[in-house]
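For reference, the structure is listed below as structure tokens.
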Amino acid sequence: MSGTRAGRFVTVAKVGEIPEGGVKVVRLDDREVAIFRLADGYHAMDDVCTHDGGPLAEGIVEGDVIECPRHGARFDIRTGAVRAMPATQPVPTYPVRVEGGEVQVEWS
Ligand code: FES
């Protein structure tokens with residue numbers, strides 16, 4: 001054992017299950033996490049807008065940006081960074097890997 005506190009990887013989808021430009025919401029512990037698929041692969045972020053809790057996965061994906069359906073804040077899907085107000089805080093993101101035909105999120 002390494003003794004580090006690195007997260008474990010949790011399977012959240014099968015490869016091919018999420019179409020390009022699409023998203024799937026999964027529950028990990030007590031959090032809703034949105035798994036987005038862009039042209040370069042999969043990206044995971046909280047499915048909770050930092051402005052007022054809007055469900056991001058119900059918004060519109062435009063390129064590598066998700067627009068919150070509630071008041072229109074925009075976030076970078078790869079980094080969670082704010083791209084447009086009214087949100088001012090980034091959305092937490094999580095590492096994703098593809099292993100044995102499964103999409104997995106690093107979850108600690
Ligand atoms: S809740 Fe997302 S922009 Fe207000």
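Ordered as shown in the structure tokens, chains take letters A, B, and onward, while each chain numbers its residues from 1 and ligands are numbered from 1 in the order shown.
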
*asked:* Within 7 Å of ligand 1 (counting only C-alpha atoms and all ligand atoms), which residues show up? I'd like them as a ChimeraX atom specification.
replied: /A:49-54,68-73,86-87

Export, as a CSV table (one decimal), in the first residue's frame, the selected residues with C-alpha atoms.
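Final output, saved to again13.csv:
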```csv
chain,number,residue,atom,x,y,z
A,49,CYS,CA,-24.4,25.9,-9.8
A,50,THR,CA,-22.4,28.0,-7.4
A,51,HIS,CA,-24.7,31.0,-7.9
A,52,ASP,CA,-27.9,29.6,-6.5
A,53,GLY,CA,-27.8,25.8,-6.8
A,54,GLY,CA,-29.1,25.4,-10.3
A,68,CYS,CA,-26.9,27.2,-16.0
A,69,PRO,CA,-30.6,26.8,-16.8
A,70,ARG,CA,-31.6,29.0,-13.9
A,71,HIS,CA,-30.0,32.4,-14.5
A,72,GLY,CA,-27.5,31.8,-17.3
A,73,ALA,CA,-24.1,31.7,-15.5
A,86,PRO,CA,-24.0,35.9,-12.2
A,87,ALA,CA,-21.9,33.1,-10.7
```

*Selection: 8 Å around stretch 33-41 of chain A, only C-alpha atoms, excl. self and same-chain fewer than 2 positions, as a ChimeraX atom specification*: /A:18-28,31,43-47,56-57,63-64,77

Preceding selection exported with C-alpha atoms as a CSV table (one decimal), in the first residue's frame:
```csv
chain,number,residue,atom,x,y,z
A,18,ILE,CA,-23.0,9.3,-23.0
A,19,PRO,CA,-23.1,10.8,-26.5
A,20,GLU,CA,-20.6,13.6,-27.4
A,21,GLY,CA,-22.0,16.9,-26.1
A,22,GLY,CA,-24.2,14.9,-23.7
A,23,VAL,CA,-24.2,14.6,-19.9
A,24,LYS,CA,-25.2,12.0,-17.3
A,25,VAL,CA,-25.9,12.9,-13.6
A,26,VAL,CA,-24.8,10.4,-11.0
A,27,ARG,CA,-25.0,10.5,-7.2
A,28,LEU,CA,-21.7,9.9,-5.4
A,31,ARG,CA,-23.4,14.8,-4.1
A,43,HIS,CA,-15.2,15.6,-17.5
A,44,ALA,CA,-16.9,15.6,-14.1
A,45,MET,CA,-18.2,18.5,-12.1
A,46,ASP,CA,-20.7,19.1,-9.3
A,47,ASP,CA,-24.2,19.3,-10.8
A,56,LEU,CA,-26.1,22.5,-14.4
A,57,ALA,CA,-26.7,19.3,-16.4
A,63,GLY,CA,-18.5,23.8,-27.0
A,64,ASP,CA,-16.6,23.4,-23.7
A,77,ILE,CA,-16.7,22.2,-18.3
```

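Using only C-alpha atoms for every distance, the candidate list A:Gly101, A:Asp29, A:Val82, A:Arg74 yields A:Arg74 as the residue closest to A:Gly59.
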
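Proximity to A:Met85 was assessed for A:Glu32, A:Glu67, A:Glu102, A:Glu62 counting only C-alpha atoms; the smallest distance is recorded for A:Glu67.
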
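Distance annotation: of A:Arg97, A:Asp30, A:Ser108, A:Ile60, the residue with the minimal separation from A:Val12 is A:Arg97; atom set is only C-alpha atoms.
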
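For the pair atom CA of A:Val61 and atom CA of A:Trp107, the interatomic distance is 24.1 Å.
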
May I have all residues of chain A that DSSP, computed from the backbone, assigns to strand (DSSP E or B), given as a PDB file with C-alpha atoms, in the first residue's frame?
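So the final result, stored in part21.pdb, reads:
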```pdb
ATOM      1  CA  ARG A   8     -10.509   5.685  -5.420  1.00  0.00           C
ATOM      2  CA  PHE A   9     -11.989   5.485  -8.881  1.00  0.00           C
ATOM      3  CA  VAL A  10     -15.729   4.870  -9.055  1.00  0.00           C
ATOM      4  CA  THR A  11     -17.486   3.684 -12.221  1.00  0.00           C
ATOM      5  CA  VAL A  12     -20.148   6.153 -13.336  1.00  0.00           C
ATOM      6  CA  ALA A  13     -20.936   5.080 -16.914  1.00  0.00           C
ATOM      7  CA  LYS A  14     -20.035   2.693 -19.690  1.00  0.00           C
ATOM      8  CA  VAL A  23     -24.208  14.555 -19.939  1.00  0.00           C
ATOM      9  CA  LYS A  24     -25.219  12.048 -17.277  1.00  0.00           C
ATOM     10  CA  VAL A  25     -25.899  12.861 -13.634  1.00  0.00           C
ATOM     11  CA  VAL A  26     -24.786  10.396 -10.972  1.00  0.00           C
ATOM     12  CA  ARG A  27     -24.982  10.465  -7.195  1.00  0.00           C
ATOM     13  CA  LEU A  28     -21.704   9.920  -5.363  1.00  0.00           C
ATOM     14  CA  ARG A  31     -23.412  14.828  -4.117  1.00  0.00           C
ATOM     15  CA  GLU A  32     -24.926  15.049  -7.580  1.00  0.00           C
ATOM     16  CA  VAL A  33     -22.121  14.924 -10.129  1.00  0.00           C
ATOM     17  CA  ALA A  34     -22.509  15.720 -13.827  1.00  0.00           C
ATOM     18  CA  ILE A  35     -20.439  13.628 -16.240  1.00  0.00           C
ATOM     19  CA  PHE A  36     -20.020  15.559 -19.490  1.00  0.00           C
ATOM     20  CA  ARG A  37     -18.636  14.114 -22.688  1.00  0.00           C
ATOM     21  CA  LEU A  38     -16.799  16.531 -24.962  1.00  0.00           C
ATOM     22  CA  GLY A  41     -13.306  12.865 -23.514  1.00  0.00           C
ATOM     23  CA  TYR A  42     -15.148  12.907 -20.217  1.00  0.00           C
ATOM     24  CA  HIS A  43     -15.244  15.609 -17.543  1.00  0.00           C
ATOM     25  CA  ALA A  44     -16.892  15.561 -14.123  1.00  0.00           C
ATOM     26  CA  MET A  45     -18.165  18.484 -12.064  1.00  0.00           C
ATOM     27  CA  ASP A  46     -20.716  19.071  -9.337  1.00  0.00           C
ATOM     28  CA  ILE A  60     -27.107  23.960 -22.554  1.00  0.00           C
ATOM     29  CA  VAL A  61     -23.658  22.731 -23.584  1.00  0.00           C
ATOM     30  CA  GLU A  62     -21.917  25.055 -26.023  1.00  0.00           C
ATOM     31  CA  VAL A  65     -19.043  25.596 -21.719  1.00  0.00           C
ATOM     32  CA  ILE A  66     -22.186  24.761 -19.756  1.00  0.00           C
ATOM     33  CA  GLU A  67     -24.817  27.424 -19.221  1.00  0.00           C
ATOM     34  CA  ARG A  74     -21.561  29.899 -17.669  1.00  0.00           C
ATOM     35  CA  PHE A  75     -18.775  27.554 -16.584  1.00  0.00           C
ATOM     36  CA  ASP A  76     -15.812  25.899 -18.283  1.00  0.00           C
ATOM     37  CA  VAL A  82     -16.657  30.893 -14.265  1.00  0.00           C
ATOM     38  CA  ARG A  83     -17.034  32.155 -17.823  1.00  0.00           C
ATOM     39  CA  ALA A  84     -20.031  34.423 -17.229  1.00  0.00           C
ATOM     40  CA  THR A  93     -14.398  19.285 -10.802  1.00  0.00           C
ATOM     41  CA  TYR A  94     -13.084  15.735 -10.458  1.00  0.00           C
ATOM     42  CA  VAL A  96     -11.982  11.135 -14.825  1.00  0.00           C
ATOM     43  CA  ARG A  97     -10.377   8.110 -16.469  1.00  0.00           C
ATOM     44  CA  VAL A  98     -11.536   5.426 -18.868  1.00  0.00           C
ATOM     45  CA  GLU A  99     -10.605   1.906 -17.800  1.00  0.00           C
ATOM     46  CA  GLU A 102     -15.904   2.084 -18.052  1.00  0.00           C
ATOM     47  CA  VAL A 103     -15.879   5.788 -17.249  1.00  0.00           C
ATOM     48  CA  GLN A 104     -14.564   6.329 -13.732  1.00  0.00           C
ATOM     49  CA  VAL A 105     -14.385   9.355 -11.467  1.00  0.00           C
ATOM     50  CA  GLU A 106     -11.732   9.761  -8.804  1.00  0.00           C
ATOM     51  CA  TRP A 107     -13.701  10.141  -5.620  1.00  0.00           C
TER      52      TRP A 107
END
```
